[in-house]
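Undergrad: Just passing along the structure, written as structure tokens.
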Amino acid sequence: MTGEDRKVLAGTLAGTTIEWYDFFIYAQAAGLVFGPLFLAPLNERAPGLATLVSLATIGVSFLFRPLGAVLAGRFGDRLGRKRMLVLTLVLMGAATTAIGLLPTYGSIGVAAPIALVLLRVAQGFSAGGEWGGAALLAVEHAPRDRRGWWGAFPQIGVPIGLILATGVLWVMSTVTTPEGFRAWGWRVPFLLSLVLIVIGYLVRRAVEESPVFEELRRRARTSSAPLRDLFRHHSRNVLLTALIFVANNAAGYLLIAYFIGYGTTTLGLPRSSVLLATVAGSAGWLVFTLYGGALSDRIGRVRTFQLGYALVFVWMIPLFLLMETRDIRLFTVAVVVLSVGLGLSYGPMSALYAEMFPGPVRYSGAAIGYALGAILGGAFAPTIAQALVQGTGSALSVGAYIMALCVISLAAVTAVKEPKGADLGLPGPPRA
């Protein structure tokens with residue numbers, strides 16, 4: 001592996017890690033403190049409803065991810081992957097830092113939740129454009145027989161970002177009293193984003209543009225209207241990529257956002273212990289995401305996805321049965337085993353999506369499919385899970401919900417003709 005190869009992998013990994021750290025800090029704070037701080041009147045009357053509304057603000061950002069994907073995809077397919085990655089990183093960092101400085105309902109009234117939602121929208125817009133560019137930059141630099149492995153590096157930015165977010169929250173909840181954490185401790189992880197953004201910006205600026213995109217531009221093969229061309233000729237693949245992601249994203253957001261609140265509020269487990277269990281699950285997710293990418297280089301993208309979703313499906317009911325023992329050790333086992341299926345159904349995604357679309361519309365196709373899948377899957381998964389538990393009185397209903405999504409995603413990936421090793425460039429002479 002050359003020095004430039006390492007720069008590419010470091011650039012895609014550093015950027016996605018920071019982006020998802022920012023994104024997850026919000027998701028976890030929504031389950032812990034945003035209800036009483038930004039929805040104070042509602043929290044006084046109905047704390048459960050305030051938590052439900054707070055978790056719903058996580059999903060609001062997902063509604064704007066397709067817009068970010070459309071714009072980043074359009075300009076990423078015309079101007080290059082690298083420029084869009086730098087822009088989305090800066091936007092995410094600015095929004096996250098602003099949340100850390102935001103006055104609460106007690107200071108500015110109803111303007112506080114409105115401003116919080118608007119900043120979450122900015123995070124969603126940025127996240128919608130981030131993933132496609134990072135995934136393509138890695139895969140389009142990769143050797144043909146190592147695309148799954150290379151493409152897994154931007155993917156592990158998700159569990160690493162989750163580990164960082166959870167770890168910082170754990171430190172702050174440990175070194176502060178509950179009152180101190182609610183008063184100011186929760187702000188520190190948001191403000192730390194400013195330092196991380198500077199580091200990520202410098203790393204990404206040093207990465208070379210994708211050689212596949214440079215070849216497309218040299219041969220005048222970039223599209224002047226990638227969105228129109230995408231939906232005219234590749235709408236089926238856009239739909240399939242969205243459905244493939246649904247179950248993974250929903251199950252992932254249970255680990256990211258729901259299990260922390262469920263473990264502390266519903267099960268009565270210590271917050272610090274639940275946060276450490278989430279870190280353990282995230283570490284497993286990281287390892288098996290890398291393994292899933294490498295495995296897909298050997299047995300194919302489709303088969304690796306099928307294996308991952310089968311594991312998530314069969315583990316859903318045992319997962320909640322273990323959690324409901326209220327034993328933190330079994331709680332940890334539950335989330336770590338879940339991470340195996342999550343990793344196998346996430347690691348090959350960059351390579352699979354890149355190989356499903358031709359070069360001139362690849363950024364648009366991958367980014368839009370990913371963003372739509374996030375809306376259908378993870379956008380309101382924590383809210384749906386909370387509502388199911390409140391409505392049925394049993395967390396097993398959440399397991400059944402994820403199992404149904406696994407069936408959908410498994411059917412979608414099975415409908416894809418194995419694309420491993422597809423040509424990512426455009427053979428033939430340049431256009432006159």
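Within each chain, counting starts at residue 1; across the structure tokens, chains are named A, B, ... in the order shown, with ligands numbered 1 upward in that order.
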Give the helix (DSSP H, G or I) residues of segment 102-222 of chain A, as DSSP finds them on the backbone, and put them as number ranges by chain.
TA: A: 105-108, 111-141, 144-175, 178-185, 187-191, 193-205, 211-218
Undergrad: Let's have the selection written as a compact mmCIF listing (two decimals), in the first residue's frame, with C-alpha atoms.
TA:
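Below you can see result.txt, which holds the result:
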# COMPACT_ATOMS: atom_id res chain seq x y z
CA TYR A 105 -36.21 26.77 26.81
CA GLY A 106 -35.72 28.37 30.21
CA SER A 107 -33.67 31.17 28.62
CA ILE A 108 -35.37 31.95 25.28
CA ALA A 111 -37.22 29.78 20.12
CA ALA A 112 -34.96 27.15 21.72
CA PRO A 113 -36.64 24.01 20.29
CA ILE A 114 -37.15 25.76 16.95
CA ALA A 115 -33.43 26.61 16.70
CA LEU A 116 -32.53 23.08 17.81
CA VAL A 117 -34.62 21.55 15.03
CA LEU A 118 -33.15 23.92 12.41
CA LEU A 119 -29.61 22.98 13.42
CA ARG A 120 -30.59 19.31 13.27
CA VAL A 121 -31.86 19.93 9.74
CA ALA A 122 -28.41 21.33 8.83
CA GLN A 123 -26.83 18.16 10.25
CA GLY A 124 -29.16 16.04 8.14
CA PHE A 125 -28.39 18.02 4.99
CA SER A 126 -24.67 17.51 5.56
CA ALA A 127 -24.98 13.79 6.37
CA GLY A 128 -26.98 13.27 3.18
CA GLY A 129 -24.07 14.38 1.04
CA GLU A 130 -21.23 13.01 3.14
CA TRP A 131 -21.57 9.27 2.82
CA GLY A 132 -21.74 8.97 -0.97
CA GLY A 133 -18.61 11.02 -1.53
CA ALA A 134 -16.56 9.22 1.12
CA ALA A 135 -17.67 5.80 -0.10
CA LEU A 136 -16.85 6.56 -3.74
CA LEU A 137 -13.52 8.19 -2.96
CA ALA A 138 -12.44 4.98 -1.22
CA VAL A 139 -13.89 2.49 -3.72
CA GLU A 140 -12.78 4.38 -6.84
CA HIS A 141 -9.19 4.46 -5.54
CA ARG A 144 -10.59 -4.16 -8.25
CA ASP A 145 -10.21 -7.17 -5.95
CA ARG A 146 -10.04 -5.08 -2.71
CA ARG A 147 -13.00 -2.73 -3.14
CA GLY A 148 -14.96 -4.30 -0.30
CA TRP A 149 -12.05 -3.85 2.12
CA TRP A 150 -11.29 -0.29 1.04
CA GLY A 151 -14.96 0.63 1.01
CA ALA A 152 -15.32 -0.58 4.60
CA PHE A 153 -13.08 2.24 5.87
CA PRO A 154 -15.62 5.05 5.45
CA GLN A 155 -18.18 2.60 6.88
CA ILE A 156 -16.29 2.13 10.14
CA GLY A 157 -16.46 5.88 10.63
CA VAL A 158 -19.98 5.15 11.91
CA PRO A 159 -19.02 2.86 14.84
CA ILE A 160 -15.89 4.89 15.59
CA GLY A 161 -17.97 8.07 15.66
CA LEU A 162 -20.41 6.28 17.96
CA ILE A 163 -17.58 5.13 20.24
CA LEU A 164 -16.22 8.68 20.44
CA ALA A 165 -19.65 10.20 21.05
CA THR A 166 -20.58 7.63 23.68
CA GLY A 167 -17.15 7.78 25.29
CA VAL A 168 -17.23 11.57 25.65
CA LEU A 169 -20.76 11.43 27.06
CA TRP A 170 -19.65 8.71 29.49
CA VAL A 171 -16.72 10.83 30.68
CA MET A 172 -18.93 13.88 31.18
CA SER A 173 -21.65 11.92 32.97
CA THR A 174 -18.98 10.36 35.21
CA VAL A 175 -17.08 13.53 36.16
CA PRO A 178 -26.57 14.68 37.31
CA GLU A 179 -27.37 18.36 37.88
CA GLY A 180 -24.03 19.47 36.44
CA PHE A 181 -24.43 17.22 33.40
CA ARG A 182 -27.86 18.69 32.68
CA ALA A 183 -26.67 22.26 33.31
CA TRP A 184 -23.49 22.29 31.22
CA GLY A 185 -21.84 18.86 30.91
CA ARG A 187 -22.55 20.85 25.94
CA VAL A 188 -18.89 19.81 26.07
CA PRO A 189 -19.16 16.98 23.47
CA PHE A 190 -20.82 19.37 21.02
CA LEU A 191 -18.15 22.05 21.48
CA SER A 193 -16.57 19.10 17.46
CA LEU A 194 -14.83 22.36 16.52
CA VAL A 195 -11.40 20.82 17.20
CA LEU A 196 -12.26 17.62 15.34
CA ILE A 197 -13.49 19.53 12.30
CA VAL A 198 -10.16 21.36 11.92
CA ILE A 199 -8.31 18.03 12.04
CA GLY A 200 -10.67 16.41 9.53
CA TYR A 201 -10.49 19.38 7.17
CA LEU A 202 -6.69 19.22 7.03
CA VAL A 203 -6.69 15.46 6.45
CA ARG A 204 -9.26 15.62 3.66
CA ARG A 205 -7.56 18.50 1.89
CA PRO A 211 -8.90 8.64 -10.38
CA VAL A 212 -12.16 7.33 -11.86
CA PHE A 213 -13.71 10.80 -11.73
CA GLU A 214 -10.55 12.38 -13.18
CA GLU A 215 -10.73 9.93 -16.08
CA LEU A 216 -14.41 10.70 -16.65
CA ARG A 217 -13.67 14.41 -16.68
CA ARG A 218 -10.65 14.02 -18.96
Undergrad: Would you kindly return, as a PyMOL selection string, each protein, DNA or RNA residue with an atom no farther than 10 Å from any atom of Leu352 of chain A, considering only C-alpha atoms and excluding same-chain residues fewer than 6 positions away?
TA: chain A and resi 139+147-148+151+241+293+296+300-302+305+366+413+416+418-422
Undergrad: Taking into account only C-alpha atoms, which residue in the set A:Gly284, A:Gly378, A:Gly100, A:Pro348 is nearest to Leu307 of chain A?
TA: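 For Leu307 of chain A, the nearest of the given residues is A:Pro348.
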Undergrad: What gap, in Å, lies between atom CA of Ala242 of chain A and atom CA of Leu255 of chain A?
TA: 20.3 Å
Undergrad: Determine, counting only C-alpha atoms, which protein, DNA and RNA residues have an atom within 12 Å of an atom of Gly268 of chain A; residues of the same chain fewer than 3 positions away are not included. Present the result as an MDAnalysis selection string.
TA: chainID A and resid 259:265 271:274 323:328
Undergrad: Between atom CA of Val407 of chain A and atom CA of Val314 of chain A, measure the distance and give it in Å to one decimal.
TA: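 Distance reported for this atom pair: 11.2 Å.
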